[in-house]
Amino acid sequence: MIEEMPYISERLSSLRQEITALRSMNASFSEKSAHSPIDRADLEVRTHRLLEIKLELSKILDRPGDAAVWWEKSRRPGRAA
């Protein structure tokens, strides 16, 4: 199915890269002994983004049986057919 819908493969690759970057930033945060308010706010934003990614991945897994329906719902607006 991934061969039929290159967007899924591209999106998963993008999410993997984003997760890696977020984890790296979280690791740097945890290595520090003191955290500024900005550091804590950034951590909250990263945590929220990781939850959004988790939700997006769960939606990919719960796609409809008809691939055409799922494909149309997941397309980015303005993307050429």
# chains A, B, ... in the order shown; residues from 1 in each chain; ligands from 1

call {"tool": "residues_around", "arguments": {"residues": "range 17-32 of chain A", "least_positions_apart": "6", "cutoff": "8 Å", "atoms": "only C-alpha atoms", "output": "PyMOL selection string"}}
result
chain A and resi 39+43+46+50

call {"tool": "select_by_dssp", "arguments": {"residues": "range 26-68 of chain A", "states": "alpha helix (DSSP H)", "output": "ChimeraX atom specification"}}
result
/A:26-31,37-61,67-68

call {"tool": "write_last_selection", "arguments": {"atoms": "N, CA and C atoms", "output": "compact mmCIF listing (two decimals), in the first residue's frame"}}
result
# COMPACT_ATOMS: atom_id res chain seq x y z
N ASN A 26 14.85 17.23 23.96
CA ASN A 26 14.43 16.81 25.30
C ASN A 26 15.60 16.23 26.09
N ALA A 27 16.49 15.51 25.42
CA ALA A 27 17.67 14.97 26.10
C ALA A 27 18.58 16.10 26.58
N SER A 28 18.75 17.12 25.74
CA SER A 28 19.56 18.28 26.14
C SER A 28 18.94 18.97 27.35
N PHE A 29 17.62 19.08 27.35
CA PHE A 29 16.90 19.69 28.46
C PHE A 29 17.16 18.92 29.75
N SER A 30 17.08 17.60 29.67
CA SER A 30 17.22 16.78 30.89
C SER A 30 18.66 16.77 31.42
N GLU A 31 19.63 17.09 30.57
CA GLU A 31 21.02 17.12 31.01
C GLU A 31 21.33 18.38 31.83
N PRO A 37 12.37 29.71 32.52
CA PRO A 37 10.96 29.61 32.11
C PRO A 37 10.82 29.32 30.61
N ILE A 38 11.72 29.87 29.82
CA ILE A 38 11.68 29.61 28.37
C ILE A 38 11.98 28.14 28.09
N ASP A 39 12.97 27.58 28.80
CA ASP A 39 13.29 26.15 28.65
C ASP A 39 12.07 25.29 28.96
N ARG A 40 11.38 25.61 30.03
CA ARG A 40 10.19 24.83 30.44
C ARG A 40 9.06 24.99 29.43
N ALA A 41 8.90 26.20 28.91
CA ALA A 41 7.86 26.44 27.90
C ALA A 41 8.18 25.66 26.62
N ASP A 42 9.45 25.66 26.24
CA ASP A 42 9.87 24.89 25.06
C ASP A 42 9.61 23.40 25.26
N LEU A 43 9.88 22.91 26.45
CA LEU A 43 9.61 21.50 26.75
C LEU A 43 8.13 21.20 26.60
N GLU A 44 7.30 22.09 27.08
CA GLU A 44 5.85 21.89 26.98
C GLU A 44 5.41 21.86 25.51
N VAL A 45 5.97 22.74 24.69
CA VAL A 45 5.64 22.76 23.26
C VAL A 45 6.07 21.45 22.61
N ARG A 46 7.28 20.98 22.93
CA ARG A 46 7.77 19.72 22.35
C ARG A 46 6.90 18.55 22.79
N THR A 47 6.52 18.53 24.04
CA THR A 47 5.67 17.46 24.56
C THR A 47 4.33 17.46 23.84
N HIS A 48 3.76 18.64 23.65
CA HIS A 48 2.49 18.75 22.94
C HIS A 48 2.63 18.27 21.50
N ARG A 49 3.73 18.63 20.86
CA ARG A 49 3.95 18.22 19.47
C ARG A 49 4.08 16.70 19.38
N LEU A 50 4.79 16.08 20.31
CA LEU A 50 4.91 14.63 20.30
C LEU A 50 3.53 13.96 20.44
N LEU A 51 2.66 14.54 21.26
CA LEU A 51 1.30 14.01 21.39
C LEU A 51 0.51 14.18 20.08
N GLU A 52 0.71 15.30 19.40
CA GLU A 52 0.06 15.50 18.11
C GLU A 52 0.52 14.46 17.09
N ILE A 53 1.82 14.18 17.10
CA ILE A 53 2.36 13.18 16.19
C ILE A 53 1.76 11.81 16.49
N LYS A 54 1.66 11.49 17.76
CA LYS A 54 1.07 10.21 18.16
C LYS A 54 -0.37 10.10 17.65
N LEU A 55 -1.13 11.17 17.77
CA LEU A 55 -2.51 11.18 17.29
C LEU A 55 -2.55 11.02 15.77
N GLU A 56 -1.67 11.72 15.08
CA GLU A 56 -1.62 11.61 13.62
C GLU A 56 -1.29 10.18 13.19
N LEU A 57 -0.33 9.56 13.87
CA LEU A 57 0.02 8.18 13.53
C LEU A 57 -1.13 7.22 13.80
N SER A 58 -1.88 7.47 14.87
CA SER A 58 -3.02 6.59 15.14
C SER A 58 -4.10 6.76 14.07
N LYS A 59 -4.25 7.96 13.54
CA LYS A 59 -5.22 8.18 12.46
C LYS A 59 -4.78 7.46 11.19
N ILE A 60 -3.49 7.43 10.94
CA ILE A 60 -2.98 6.70 9.77
C ILE A 60 -3.32 5.22 9.91
N LEU A 61 -3.16 4.69 11.10
CA LEU A 61 -3.46 3.28 11.33
C LEU A 61 -4.94 2.98 11.21
N ALA A 67 -8.88 2.85 0.10
CA ALA A 67 -7.67 3.68 0.08
C ALA A 67 -7.92 5.03 -0.58
N ALA A 68 -8.81 5.10 -1.57
CA ALA A 68 -9.08 6.36 -2.25
C ALA A 68 -9.69 7.38 -1.29
